$ cat my_file.csv   # CSV, C-alpha atoms
chain,number,residue,atom,x,y,z
A,1,MET,CA,96.0,173.7,79.0
A,2,GLU,CA,92.2,174.2,79.4
A,3,LYS,CA,92.7,174.4,83.1
A,4,LEU,CA,95.5,176.9,82.8
A,5,ALA,CA,93.4,179.1,80.6
A,6,LEU,CA,90.6,178.9,83.0
A,7,ALA,CA,92.8,179.8,86.0
A,8,ALA,CA,94.2,182.7,84.1
A,9,GLY,CA,90.7,183.8,83.2
A,10,THR,CA,89.7,183.6,86.9
A,11,ALA,CA,92.7,185.7,88.0
A,12,LEU,CA,91.9,188.4,85.4
A,13,CYS,CA,88.2,188.5,86.5
A,14,LEU,CA,89.3,188.7,90.1
A,15,ALA,CA,91.6,191.6,89.4
A,16,ILE,CA,88.9,193.5,87.6
A,17,THR,CA,85.7,192.9,89.5
A,18,GLY,CA,86.5,191.2,92.7
A,19,VAL,CA,84.8,187.8,92.6
A,20,VAL,CA,82.7,186.6,89.8
A,21,ILE,CA,81.4,183.3,88.7
A,22,VAL,CA,83.5,182.0,85.8
A,23,THR,CA,81.2,181.0,83.0
A,24,ALA,CA,83.0,177.8,82.1
A,25,SER,CA,80.5,175.0,82.3
A,26,ALA,CA,80.8,171.3,82.8
A,27,ASP,CA,78.0,168.8,83.0
A,28,PRO,CA,77.5,166.5,85.9
A,29,VAL,CA,78.7,163.1,85.1
A,30,ASP,CA,76.5,160.4,83.7
A,31,ASP,CA,77.3,157.7,86.2
A,32,THR,CA,75.5,155.5,88.7
A,33,LEU,CA,76.3,155.5,92.4
A,34,GLU,CA,76.3,152.1,93.9
A,35,ILE,CA,77.3,151.9,97.6
A,36,ASP,CA,78.5,148.3,98.3
A,37,GLY,CA,76.5,147.3,95.3
A,38,ALA,CA,73.2,149.0,96.2
A,39,GLU,CA,72.1,151.5,93.7
A,40,MET,CA,71.3,155.1,94.9
A,41,ILE,CA,69.0,157.5,93.3
A,42,THR,CA,71.2,160.4,92.2
A,43,ARG,CA,68.7,161.9,89.7
A,44,ALA,CA,65.0,162.3,90.3
A,45,PRO,CA,62.2,164.2,88.7
A,46,ALA,CA,61.7,167.4,90.6
A,47,PRO,CA,58.6,167.9,92.8
A,48,GLU,CA,56.0,170.4,91.6
A,49,GLY,CA,57.0,174.0,92.0
A,50,HIS,CA,60.7,173.2,91.8
A,51,PRO,CA,62.9,175.5,89.6
A,52,PHE,CA,64.6,172.5,88.0
A,53,ASP,CA,63.1,169.6,86.0
A,54,GLU,CA,65.5,167.2,87.6
A,55,VAL,CA,67.1,167.1,91.0
A,56,MET,CA,70.7,165.9,91.1
A,57,SER,CA,72.9,164.6,93.9
A,58,GLY,CA,76.2,166.5,94.5
A,59,TRP,CA,77.9,163.2,94.0
A,60,LEU,CA,77.5,163.7,90.2
A,61,PHE,CA,79.5,166.9,90.3
A,62,ARG,CA,82.6,165.5,92.0
A,63,GLU,CA,85.9,164.1,90.7
A,64,ALA,CA,86.2,160.4,89.9
A,65,GLU,CA,88.4,159.6,92.9
A,66,THR,CA,85.9,161.3,95.3
A,67,ARG,CA,83.0,159.5,93.7
A,68,ALA,CA,84.8,156.1,94.0
A,69,THR,CA,85.6,156.7,97.7
A,70,GLN,CA,81.9,156.9,98.5
A,71,GLU,CA,81.1,153.7,96.6
A,72,ASP,CA,82.9,151.5,99.0
A,73,SER,CA,81.7,151.9,102.6
A,74,PHE,CA,85.1,150.4,103.7
A,75,GLU,CA,87.0,153.2,102.0
A,76,ASN,CA,84.5,155.9,103.0
A,77,PRO,CA,86.1,157.7,106.0
A,78,GLY,CA,82.7,159.0,107.0
A,79,MET,CA,81.9,155.5,108.1
A,80,LEU,CA,84.2,156.0,111.0
A,81,ALA,CA,81.8,158.6,112.4
A,82,VAL,CA,78.9,156.2,111.7
A,83,GLU,CA,80.7,153.5,113.7
A,84,ARG,CA,81.3,155.9,116.5
A,85,GLY,CA,77.7,156.9,116.4
A,86,ALA,CA,76.7,153.2,116.8
A,87,GLU,CA,78.7,153.1,120.0
A,88,LEU,CA,77.0,156.3,121.3
A,89,TRP,CA,73.7,154.7,120.5
A,90,GLU,CA,74.4,152.1,123.1
A,91,THR,CA,76.1,154.4,125.7
A,92,VAL,CA,74.1,155.0,128.9
A,93,GLU,CA,74.1,158.6,129.8
A,94,GLY,CA,72.2,161.0,132.1
A,95,THR,CA,70.2,160.7,135.3
A,96,ALA,CA,67.6,158.3,133.9
A,97,GLY,CA,70.3,155.7,133.3
A,98,GLN,CA,69.3,155.1,129.7
A,99,SER,CA,71.0,154.9,126.3
A,100,CYS,CA,69.3,155.6,123.0
A,101,ALA,CA,69.0,151.9,122.5
A,102,SER,CA,67.2,151.4,125.9
A,103,CYS,CA,64.0,152.8,124.3
A,104,HIS,CA,64.6,152.7,120.6
A,105,GLN,CA,66.3,149.2,120.5
A,106,ASP,CA,67.6,148.4,117.0
A,107,ALA,CA,68.3,151.6,115.1
A,108,SER,CA,68.2,149.8,111.8
A,109,VAL,CA,64.5,149.2,112.4
A,110,THR,CA,63.3,152.0,114.6
A,111,MET,CA,65.3,154.8,112.8
A,112,ALA,CA,65.0,153.5,109.3
A,113,ASN,CA,63.1,156.5,108.0
A,114,VAL,CA,64.6,159.2,110.0
A,115,GLY,CA,67.2,160.3,107.5
A,116,ALA,CA,64.6,160.7,104.7
A,117,THR,CA,61.9,162.4,106.7
A,118,PHE,CA,63.6,165.0,108.9
A,119,PRO,CA,63.1,168.0,109.5
A,120,ARG,CA,59.7,167.3,110.9
A,121,TRP,CA,57.1,169.5,112.7
A,122,ASP,CA,57.7,169.7,116.4
A,123,ALA,CA,54.5,170.7,118.1
A,124,ASP,CA,56.1,171.3,121.5
A,125,SER,CA,58.4,174.1,120.2
A,126,GLY,CA,56.1,175.2,117.4
A,127,LYS,CA,59.0,174.9,115.0
A,128,PRO,CA,60.5,172.3,112.6
A,129,ILE,CA,63.0,170.0,114.3
A,130,ASN,CA,66.0,168.3,112.7
A,131,VAL,CA,67.9,165.1,113.7
A,132,GLU,CA,70.4,167.1,115.9
A,133,GLY,CA,67.4,168.8,117.6
A,134,GLN,CA,65.6,165.6,118.1
A,135,ILE,CA,68.7,164.0,119.7
A,136,ASN,CA,69.1,166.9,122.1
A,137,LYS,CA,65.4,166.9,122.9
A,138,CYS,CA,65.6,163.2,123.8
A,139,ARG,CA,68.7,163.7,125.8
A,140,VAL,CA,67.2,166.4,127.9
A,141,GLU,CA,63.6,165.2,128.3
A,142,ASN,CA,64.1,161.4,128.5
A,143,MET,CA,67.7,160.7,129.4
A,144,GLY,CA,68.3,163.5,131.8
A,145,ALA,CA,71.6,164.2,130.0
A,146,GLU,CA,73.2,167.4,128.8
A,147,PRO,CA,72.3,168.4,125.3
A,148,TYR,CA,75.2,168.2,122.8
A,149,ALA,CA,76.7,171.5,121.8
A,150,PHE,CA,76.6,172.5,118.2
A,151,ASP,CA,79.1,170.4,116.2
A,152,ALA,CA,80.4,168.6,119.2
A,153,GLU,CA,81.9,165.4,117.9
A,154,PRO,CA,79.2,163.1,119.4
A,155,GLN,CA,76.4,165.2,117.9
A,156,VAL,CA,77.9,164.8,114.4
A,157,SER,CA,78.7,161.1,114.8
A,158,LEU,CA,75.3,160.2,116.2
A,159,THR,CA,73.5,162.3,113.6
A,160,ALA,CA,75.5,160.5,110.9
A,161,PHE,CA,74.7,157.2,112.4
A,162,LEU,CA,71.0,157.9,112.5
A,163,LYS,CA,70.7,159.3,109.0
A,164,HIS,CA,72.8,156.4,107.7
A,165,GLN,CA,70.0,154.1,108.7
A,166,SER,CA,68.0,155.5,105.8
A,167,LEU,CA,70.8,155.0,103.2
A,168,GLY,CA,69.2,154.7,99.8
A,169,LYS,CA,65.8,155.8,100.9
A,170,PRO,CA,64.4,158.8,98.8
A,171,VAL,CA,64.1,162.1,100.7
A,172,ALA,CA,60.4,162.8,101.4
A,173,ILE,CA,59.6,165.4,104.0
A,174,ASP,CA,56.0,166.0,105.0
A,175,LEU,CA,55.1,169.7,104.6
A,176,SER,CA,51.5,169.1,105.6
A,177,GLU,CA,52.5,168.6,109.3
A,178,GLY,CA,51.9,171.7,111.5
A,179,GLU,CA,53.2,174.9,110.0
A,180,MET,CA,55.8,173.2,107.9
A,181,GLN,CA,54.5,175.0,104.8
A,182,GLU,CA,55.0,178.4,106.4
A,183,TRP,CA,58.6,177.5,107.3
A,184,TRP,CA,59.1,176.2,103.8
A,185,GLU,CA,58.0,179.7,102.5
A,186,LYS,CA,60.3,181.4,104.9
A,187,GLY,CA,63.2,179.2,103.8
A,188,LYS,CA,62.4,179.9,100.2
A,189,ASP,CA,62.6,183.6,100.9
A,190,LEU,CA,66.0,183.2,102.5
A,191,TYR,CA,67.2,181.0,99.6
A,192,TYR,CA,66.6,183.8,97.1
A,193,THR,CA,67.7,186.7,99.3
A,194,ARG,CA,71.1,188.1,98.4
A,195,THR,CA,73.3,188.8,101.4
A,196,GLY,CA,76.8,189.7,102.3
A,197,GLN,CA,79.4,191.9,100.7
A,198,LEU,CA,79.5,189.7,97.6
A,199,ASP,CA,75.7,190.0,97.3
A,200,PHE,CA,75.1,186.3,96.7
A,201,SER,CA,72.0,184.3,97.5
A,202,CYS,CA,72.0,180.5,97.7
A,203,SER,CA,70.4,180.6,94.2
A,204,SER,CA,73.2,182.7,92.7
A,205,CYS,CA,75.5,179.6,92.8
A,206,HIS,CA,73.3,176.6,93.2
A,207,GLU,CA,70.5,177.5,90.8
A,208,ALA,CA,71.6,180.2,88.3
A,209,SER,CA,75.2,178.9,88.1
A,210,MET,CA,74.6,175.2,88.8
A,211,GLY,CA,77.1,173.2,86.7
A,212,LYS,CA,79.5,176.1,86.3
A,213,TYR,CA,82.8,176.5,87.9
A,214,ILE,CA,83.5,179.0,90.7
A,215,ARG,CA,87.3,179.1,90.7
A,216,ALA,CA,88.2,175.3,90.9
A,217,ASP,CA,84.9,174.3,92.4
A,218,HIS,CA,82.2,172.6,90.3
A,219,LEU,CA,78.9,174.1,91.5
A,220,SER,CA,76.2,171.5,92.3
A,221,GLN,CA,72.6,172.0,93.1
A,222,GLY,CA,73.6,172.3,96.8
A,223,GLN,CA,71.6,169.2,97.8
A,224,VAL,CA,71.7,168.1,101.4
A,225,ASN,CA,70.9,164.4,101.1
A,226,GLY,CA,74.4,163.3,102.2
A,227,PHE,CA,74.8,165.3,105.4
A,228,PRO,CA,76.7,165.0,107.6
A,229,THR,CA,79.3,164.5,104.9
A,230,TYR,CA,83.0,163.6,105.0
A,231,ARG,CA,85.0,166.4,103.4
A,232,PHE,CA,88.6,166.0,102.2
A,233,ASN,CA,89.4,169.6,102.8
A,234,THR,CA,89.0,169.3,106.5
A,235,GLY,CA,89.6,165.6,106.8
A,236,GLY,CA,86.5,165.3,108.9
A,237,MET,CA,82.8,165.3,109.1
A,238,VAL,CA,80.8,168.5,108.3
A,239,SER,CA,77.3,169.0,109.6
A,240,LEU,CA,74.6,170.7,107.6
A,241,HIS,CA,74.4,173.8,109.7
A,242,ASN,CA,78.2,174.1,109.6
A,243,ARG,CA,78.0,173.9,105.8
A,244,PHE,CA,75.2,176.5,105.7
A,245,ARG,CA,77.3,178.8,107.9
A,246,GLY,CA,80.4,178.2,105.8
A,247,CYS,CA,78.5,179.1,102.6
A,248,ILE,CA,77.1,182.3,104.2
A,249,ARG,CA,80.5,183.2,105.5
A,250,ASP,CA,81.9,182.9,102.0
A,251,THR,CA,79.4,185.5,100.8
A,252,ARG,CA,80.9,187.7,103.5
A,253,ALA,CA,77.6,188.0,105.3
A,254,GLU,CA,76.7,187.7,109.0
A,255,MET,CA,76.2,184.1,109.8
A,256,PRO,CA,73.0,183.1,111.6
A,257,ALA,CA,73.5,180.8,114.6
A,258,ALA,CA,73.3,177.0,114.0
A,259,PHE,CA,69.7,175.8,114.6
A,260,SER,CA,68.4,179.3,114.5
A,261,ASP,CA,64.9,180.0,113.0
A,262,GLU,CA,66.6,181.2,109.8
A,263,LEU,CA,68.7,178.0,109.3
A,264,MET,CA,65.8,175.7,110.4
A,265,ALA,CA,63.7,177.3,107.7
A,266,LEU,CA,66.5,177.0,105.2
A,267,GLU,CA,67.0,173.3,106.1
A,268,THR,CA,63.3,172.7,105.6
A,269,TYR,CA,63.3,174.3,102.2
A,270,VAL,CA,66.6,172.9,100.9
A,271,THR,CA,65.7,169.4,102.1
A,272,TRP,CA,62.5,169.6,100.0
A,273,ARG,CA,64.6,170.7,97.0
A,274,GLY,CA,66.3,167.3,97.1
A,275,THR,CA,63.0,165.4,97.2
A,276,GLY,CA,63.4,162.0,95.6
A,277,LEU,CA,67.2,161.7,96.0
A,278,SER,CA,68.5,158.8,98.1
A,279,VAL,CA,69.9,159.6,101.5
A,280,GLU,CA,73.7,159.2,101.0
A,281,THR,CA,74.9,159.9,104.6
A,282,PRO,CA,77.8,159.9,105.0
A,283,ALA,CA,78.5,161.3,101.5
A,284,VAL,CA,82.1,162.0,100.5
A,285,ARG,CA,82.9,165.4,99.1
A,286,GLN,CA,86.0,167.5,98.2
B,1,MET,CA,88.1,161.4,115.9
B,2,ALA,CA,87.9,161.7,119.6
B,3,SER,CA,87.9,157.9,120.2
B,4,ALA,CA,91.0,155.7,120.3
B,5,PRO,CA,92.4,154.7,116.9
B,6,LYS,CA,90.6,151.7,115.5
B,7,PRO,CA,92.0,149.6,112.8
B,8,ARG,CA,89.8,148.1,110.1
B,9,VAL,CA,90.9,145.4,107.6
B,10,LYS,CA,89.2,143.8,104.7
B,11,VAL,CA,90.7,140.5,103.5
B,12,PRO,CA,88.8,137.8,101.5
B,13,LYS,CA,87.8,134.8,103.7
B,14,THR,CA,88.8,132.3,101.1
B,15,ALA,CA,91.1,132.1,98.0
B,16,SER,CA,92.6,129.5,95.7
B,17,ALA,CA,96.3,128.6,96.0
B,18,GLY,CA,98.5,131.2,94.4
B,19,GLU,CA,95.7,133.7,93.9
B,20,VAL,CA,96.5,137.4,94.1
B,21,ILE,CA,94.1,139.0,96.5
B,22,ALA,CA,93.4,142.6,97.3
B,23,ILE,CA,93.8,143.8,100.9
B,24,LYS,CA,92.3,147.0,102.2
B,25,THR,CA,93.2,148.6,105.5
B,26,LEU,CA,92.1,151.8,107.3
B,27,ILE,CA,92.8,153.2,110.7
B,28,SER,CA,91.1,156.1,112.4
B,29,HIS,CA,93.8,158.5,113.4
B,30,GLU,CA,94.1,162.3,113.5
B,31,MET,CA,97.7,162.2,111.9
B,32,GLU,CA,98.6,165.5,113.7
B,33,SER,CA,101.5,166.8,111.6
B,34,GLY,CA,103.3,168.8,114.3
B,35,GLN,CA,103.2,171.8,112.0
B,36,ARG,CA,100.0,173.4,113.3
B,37,LYS,CA,99.5,175.8,116.2
B,38,ASP,CA,96.6,176.0,118.7
B,39,LYS,CA,94.7,179.1,119.4
B,40,ASP,CA,97.3,180.4,121.8
B,41,GLY,CA,100.1,180.0,119.3
B,42,ASN,CA,101.7,176.8,120.8
B,43,VAL,CA,102.8,174.1,118.5
B,44,ILE,CA,100.5,171.1,118.6
B,45,PRO,CA,102.8,168.2,119.1
B,46,ARG,CA,103.2,165.7,116.2
B,47,LYS,CA,101.3,162.5,116.6
B,48,ILE,CA,101.1,160.3,113.6
B,49,ILE,CA,101.1,156.6,112.7
B,50,ASN,CA,104.8,156.4,111.6
B,51,LYS,CA,104.9,152.7,110.5
B,52,PHE,CA,102.6,150.2,109.0
B,53,SER,CA,103.3,146.6,108.2
B,54,CYS,CA,101.5,143.4,107.1
B,55,THR,CA,102.8,139.9,107.5
B,56,PHE,CA,101.5,136.6,106.3
B,57,ASN,CA,102.3,133.6,108.5
B,58,ASP,CA,105.1,135.8,110.0
B,59,GLN,CA,106.6,136.6,106.7
B,60,GLU,CA,106.5,140.3,105.7
B,61,VAL,CA,104.1,141.1,102.8
B,62,PHE,CA,104.1,144.9,102.9
B,63,SER,CA,105.4,147.6,105.1
B,64,CYS,CA,106.0,151.3,104.9
B,65,ASP,CA,107.0,154.4,106.8
B,66,LEU,CA,104.5,157.2,107.1
B,67,ASP,CA,105.4,160.9,107.2
B,68,PRO,CA,103.6,164.0,108.5
B,69,ALA,CA,102.1,165.0,105.2
B,70,ILE,CA,99.8,161.9,105.1
B,71,SER,CA,96.2,162.8,105.8
B,72,ALA,CA,94.0,161.7,108.6
B,73,ASN,CA,92.7,158.1,108.7
B,74,PRO,CA,95.4,156.6,106.5
B,75,TYR,CA,94.1,154.0,104.0
B,76,PHE,CA,96.3,151.4,102.3
B,77,GLU,CA,95.3,149.0,99.6
B,78,PHE,CA,97.7,146.4,98.3
B,79,ASN,CA,97.8,142.9,96.7
B,80,ALA,CA,99.3,139.7,98.0
B,81,LYS,CA,99.7,136.2,96.6
B,82,VAL,CA,98.5,133.5,99.0
B,83,PRO,CA,100.2,130.1,98.6
B,84,GLU,CA,98.5,128.5,101.6
B,85,SER,CA,96.0,129.0,104.4
B,86,GLY,CA,97.2,131.3,107.1
B,87,THR,CA,96.9,134.5,109.0
B,88,PHE,CA,97.5,138.1,107.9
B,89,LYS,CA,98.7,140.3,110.8
B,90,PHE,CA,98.6,144.1,110.5
B,91,THR,CA,100.5,146.5,112.7
B,92,TRP,CA,100.3,150.2,113.0
B,93,VAL,CA,102.9,152.1,115.2
B,94,ASP,CA,102.0,155.4,116.7
B,95,ASP,CA,104.4,158.2,117.6
B,96,ASP,CA,103.4,157.8,121.3
B,97,GLY,CA,104.6,154.2,121.2
B,98,SER,CA,101.2,152.6,121.0
B,99,VAL,CA,100.9,149.7,118.7
B,100,TYR,CA,97.5,148.9,117.1
B,101,GLU,CA,97.1,145.4,115.7
B,102,ASP,CA,94.5,143.3,113.8
B,103,GLU,CA,94.6,139.9,112.1
B,104,GLN,CA,92.5,138.0,109.6
B,105,LYS,CA,92.6,134.4,108.7
B,106,ILE,CA,92.2,133.1,105.1
B,107,GLU,CA,91.3,129.6,103.9
B,108,VAL,CA,93.2,128.5,100.8
B,109,SER,CA,91.7,125.6,98.8

$ encode --input "my_file.csv" --output "structure tokens"
Amino acid sequence: MEKLALAAGTALCLAITGVVIVTASADPVDDTLEIDGAEMITRAPAPEGHPFDEVMSGWLFREAETRATQEDSFENPGMLAVERGAELWETVEGTAGQSCASCHQDASVTMANVGATFPRWDADSGKPINVEGQINKCRVENMGAEPYAFDAEPQVSLTAFLKHQSLGKPVAIDLSEGEMQEWWEKGKDLYYTRTGQLDFSCSSCHEASMGKYIRADHLSQGQVNGFPTYRFNTGGMVSLHNRFRGCIRDTRAEMPAAFSDELMALETYVTWRGTGLSVETPAVRQ
Amino acid sequence: MASAPKPRVKVPKTASAGEVIAIKTLISHEMESGQRKDKDGNVIPRKIINKFSCTFNDQEVFSCDLDPAISANPYFEFNAKVPESGTFKFTWVDDDGSVYEDEQKIEVS
């Protein structure tokens, strides 16, 4: 009955004002995420200057079935992408006749911190670089291979594989490198800037309305510690920039291109907002 | 998933006689329903896993037919009683006639 009333309320609000955030609230669950028995940090004290006291994983905002799927790596369909990424790691491509493994050997050792420390400062381009960007840089400069196109299946799978090597490690990006702090500021501006016909900023949903429902969706803090994630609504992997663009599209705004300066700044800032949370890649979401 | 369907199976390595064990299976598969159209408006042909079965020492334990509404990467979990040591065999049948197989041995003490 409660759900019905909520739905009716939403319909009424929609009719009157277009789209509004329904004020029904539900707390994130008090539960512990254990992936194959290893405990993840889903709540952490917020870093200095953060609007919240506590940062919380999106896992705490999902339904019991969704949460359970992530707790067993066998059941987690995102692990199919990780396995595929492991194959790509060993695949020789490009004119140099090299695979990722030719130089970097065992990813579980050499890539152990990647998922928790990217984006990082890239002095060559004078910009922050994320895992997808680093993969492409390596492919072009060291392998003599074509860079992956945005959201090409191998890009998502290899990124998932790399970030998965940091499973459980707390997110900690280094803002003292290069001009990371400036990009963080730029990302913060974007985070709080209202855009689109709906006039929403990131913070409208993920800060001011965190914990409330927008239609049937329980709004989380919008943390990015589980990307690329497996989503049930598409039955596939969703990369971070795909998710950023989807969110921006939903506010009916112009979408910045993937890996553009805007979205790299946003990635830098939003990643920092999840400081202390375990890397959950591949997380499972609705 | 762009790569070929890949079955995955989780069966305990050992059990005591008569114990009921949990078996988990998952296969990567797009489960294209045949109801969707591509950008040019042409129907994307149906391609799903249409049958799954599990046998223990050649005796059927579990089987089912799958229909187009089942989501990608179908996952099955079921229980079986193991009276003796033996081999579980798993079979997935694809619309295109391909058969994907896996097997797992279990020691019963």

$ interface_residues --input "my_file.csv" --of "chain A" --to "chain B" --cutoff "8 Å" --atoms "only C-alpha atoms" --output "tab-separated table (two decimals) with C-alpha atoms, in the coordinates of the input"
chain	number	residue	atom	x	y	z
A	74	PHE	CA	85.10	150.40	103.70
A	75	GLU	CA	87.00	153.20	102.00
A	77	PRO	CA	86.10	157.70	106.00
A	80	LEU	CA	84.20	156.00	111.00
A	81	ALA	CA	81.80	158.60	112.40
A	84	ARG	CA	81.30	155.90	116.50
A	153	GLU	CA	81.90	165.40	117.90
A	235	GLY	CA	89.60	165.60	106.80

$ residues_near_point --input "my_file.csv" --point "(99.9, 156.4, 124.6)" --cutoff "12 Å" --atoms "only C-alpha atoms" --output "CSV table (one decimal) with C-alpha atoms, in the frame of the given file"
chain,number,residue,atom,x,y,z
B,4,ALA,CA,91.0,155.7,120.3
B,5,PRO,CA,92.4,154.7,116.9
B,47,LYS,CA,101.3,162.5,116.6
B,48,ILE,CA,101.1,160.3,113.6
B,49,ILE,CA,101.1,156.6,112.7
B,93,VAL,CA,102.9,152.1,115.2
B,94,ASP,CA,102.0,155.4,116.7
B,95,ASP,CA,104.4,158.2,117.6
B,96,ASP,CA,103.4,157.8,121.3
B,97,GLY,CA,104.6,154.2,121.2
B,98,SER,CA,101.2,152.6,121.0
B,99,VAL,CA,100.9,149.7,118.7
B,100,TYR,CA,97.5,148.9,117.1

$ atom_distance --input "my_file.csv" --atom1 "atom CA of Phe118 of chain A" --atom2 "atom CA of Asp53 of chain A"
23.4 Å

$ atom_distance --input "my_file.csv" --atom1 "atom CA of Met143 of chain A" --atom2 "atom CA of Thr91 of chain A"
11.1 Å

$ residues_around --input "my_file.csv" --residues "Phe56 of chain B" --least-positions-apart "6" --cutoff "9 Å" --atoms "all atoms listed in the file" --output "PyMOL selection string"
chain B and resi 82+86-89

$ atom_distance --input "my_file.csv" --atom1 "atom CA of Val279 of chain A" --atom2 "atom CA of Leu167 of chain A"
5.0 Å

$ residues_around --input "my_file.csv" --residues "Thr91 of chain B" --least-positions-apart "4" --cutoff "9 Å" --atoms "all atoms listed in the file" --output "PyMOL selection string"
chain B and resi 51-55+99-103

$ closest_atom_pairs --input "my_file.csv" --of "segment 19-101 of chain A" --to "segment 264-277 of chain A" --cutoff "8 Å" --atoms "all atoms listed in the file" --output "CSV"
residue,atom,partner,partner_atom,distance
A:Met40,CA,A:Leu277,CA,7.8
A:Ile41,CA,A:Leu277,CA,5.3
A:Thr42,CA,A:Leu277,CA,5.7
A:Arg43,CA,A:Leu277,CA,6.5
A:Ala44,CA,A:Gly276,CA,5.5
A:Pro45,CA,A:Gly276,CA,7.3
A:Ala46,CA,A:Thr275,CA,7.0
A:Pro47,CA,A:Thr275,CA,6.7
A:His50,CA,A:Arg273,CA,7.0
A:Val55,CA,A:Gly274,CA,6.2
A:Met56,CA,A:Leu277,CA,7.3
A:Ser57,CA,A:Leu277,CA,6.7

$ residues_around --input "my_file.csv" --residues "segment 130-135 of chain A" --least-positions-apart "3" --cutoff "7 Å" --atoms "only C-alpha atoms" --output "VMD selection string"
chain A and resid 118 to 120 138 to 139 155 159

$ closest_residue --input "my_file.csv" --among "A:Ile35, A:Leu88, A:Ala96, A:Val140" --to "Ser73 of chain A" --atoms "all atoms listed in the file"
A:Ile35

$ closest_residue --input "my_file.csv" --among "A:Leu175, A:Leu158, A:Val82, A:Met180" --to "Gly126 of chain A" --atoms "only C-alpha atoms"
A:Met180

$ decode --input "my_file.csv" --residues "segment 8-42 of chain B" --atoms "C-alpha atoms" --output "PDB file, in the first residue's frame"
ATOM      1  CA  ARG B   8      30.869 -21.674 -15.504  1.00  0.00           C
ATOM      2  CA  VAL B   9      29.933 -24.198 -12.854  1.00  0.00           C
ATOM      3  CA  LYS B  10      30.439 -24.375  -9.106  1.00  0.00           C
ATOM      4  CA  VAL B  11      30.147 -27.790  -7.448  1.00  0.00           C
ATOM      5  CA  PRO B  12      31.740 -28.778  -4.125  1.00  0.00           C
ATOM      6  CA  LYS B  13      34.806 -31.002  -4.610  1.00  0.00           C
ATOM      7  CA  THR B  14      33.750 -33.357  -1.813  1.00  0.00           C
ATOM      8  CA  ALA B  15      30.598 -34.380   0.051  1.00  0.00           C
ATOM      9  CA  SER B  16      29.404 -37.081   2.411  1.00  0.00           C
ATOM     10  CA  ALA B  17      27.136 -39.835   1.069  1.00  0.00           C
ATOM     11  CA  GLY B  18      23.521 -38.715   0.761  1.00  0.00           C
ATOM     12  CA  GLU B  19      24.389 -35.065   1.353  1.00  0.00           C
ATOM     13  CA  VAL B  20      22.344 -32.420  -0.425  1.00  0.00           C
ATOM     14  CA  ILE B  21      24.702 -30.041  -2.175  1.00  0.00           C
ATOM     15  CA  ALA B  22      24.111 -26.717  -3.894  1.00  0.00           C
ATOM     16  CA  ILE B  23      25.118 -26.402  -7.540  1.00  0.00           C
ATOM     17  CA  LYS B  24      25.508 -23.067  -9.274  1.00  0.00           C
ATOM     18  CA  THR B  25      25.794 -22.551 -13.012  1.00  0.00           C
ATOM     19  CA  LEU B  26      26.181 -19.518 -15.214  1.00  0.00           C
ATOM     20  CA  ILE B  27      26.756 -19.138 -18.928  1.00  0.00           C
ATOM     21  CA  SER B  28      27.695 -15.943 -20.730  1.00  0.00           C
ATOM     22  CA  HIS B  29      25.136 -15.496 -23.481  1.00  0.00           C
ATOM     23  CA  GLU B  30      23.333 -12.504 -24.978  1.00  0.00           C
ATOM     24  CA  MET B  31      19.886 -14.254 -24.967  1.00  0.00           C
ATOM     25  CA  GLU B  32      18.695 -12.200 -27.937  1.00  0.00           C
ATOM     26  CA  SER B  33      14.921 -12.427 -27.679  1.00  0.00           C
ATOM     27  CA  GLY B  34      13.994 -12.046 -31.354  1.00  0.00           C
ATOM     28  CA  GLN B  35      11.675  -9.206 -30.421  1.00  0.00           C
ATOM     29  CA  ARG B  36      14.115  -6.361 -30.965  1.00  0.00           C
ATOM     30  CA  LYS B  37      14.940  -4.416 -34.095  1.00  0.00           C
ATOM     31  CA  ASP B  38      18.250  -2.966 -35.200  1.00  0.00           C
ATOM     32  CA  LYS B  39      18.821   0.660 -36.254  1.00  0.00           C
ATOM     33  CA  ASP B  40      17.464  -0.017 -39.746  1.00  0.00           C
ATOM     34  CA  GLY B  41      14.259  -1.565 -38.430  1.00  0.00           C
ATOM     35  CA  ASN B  42      15.158  -5.170 -39.224  1.00  0.00           C
TER      36      ASN B  42
END
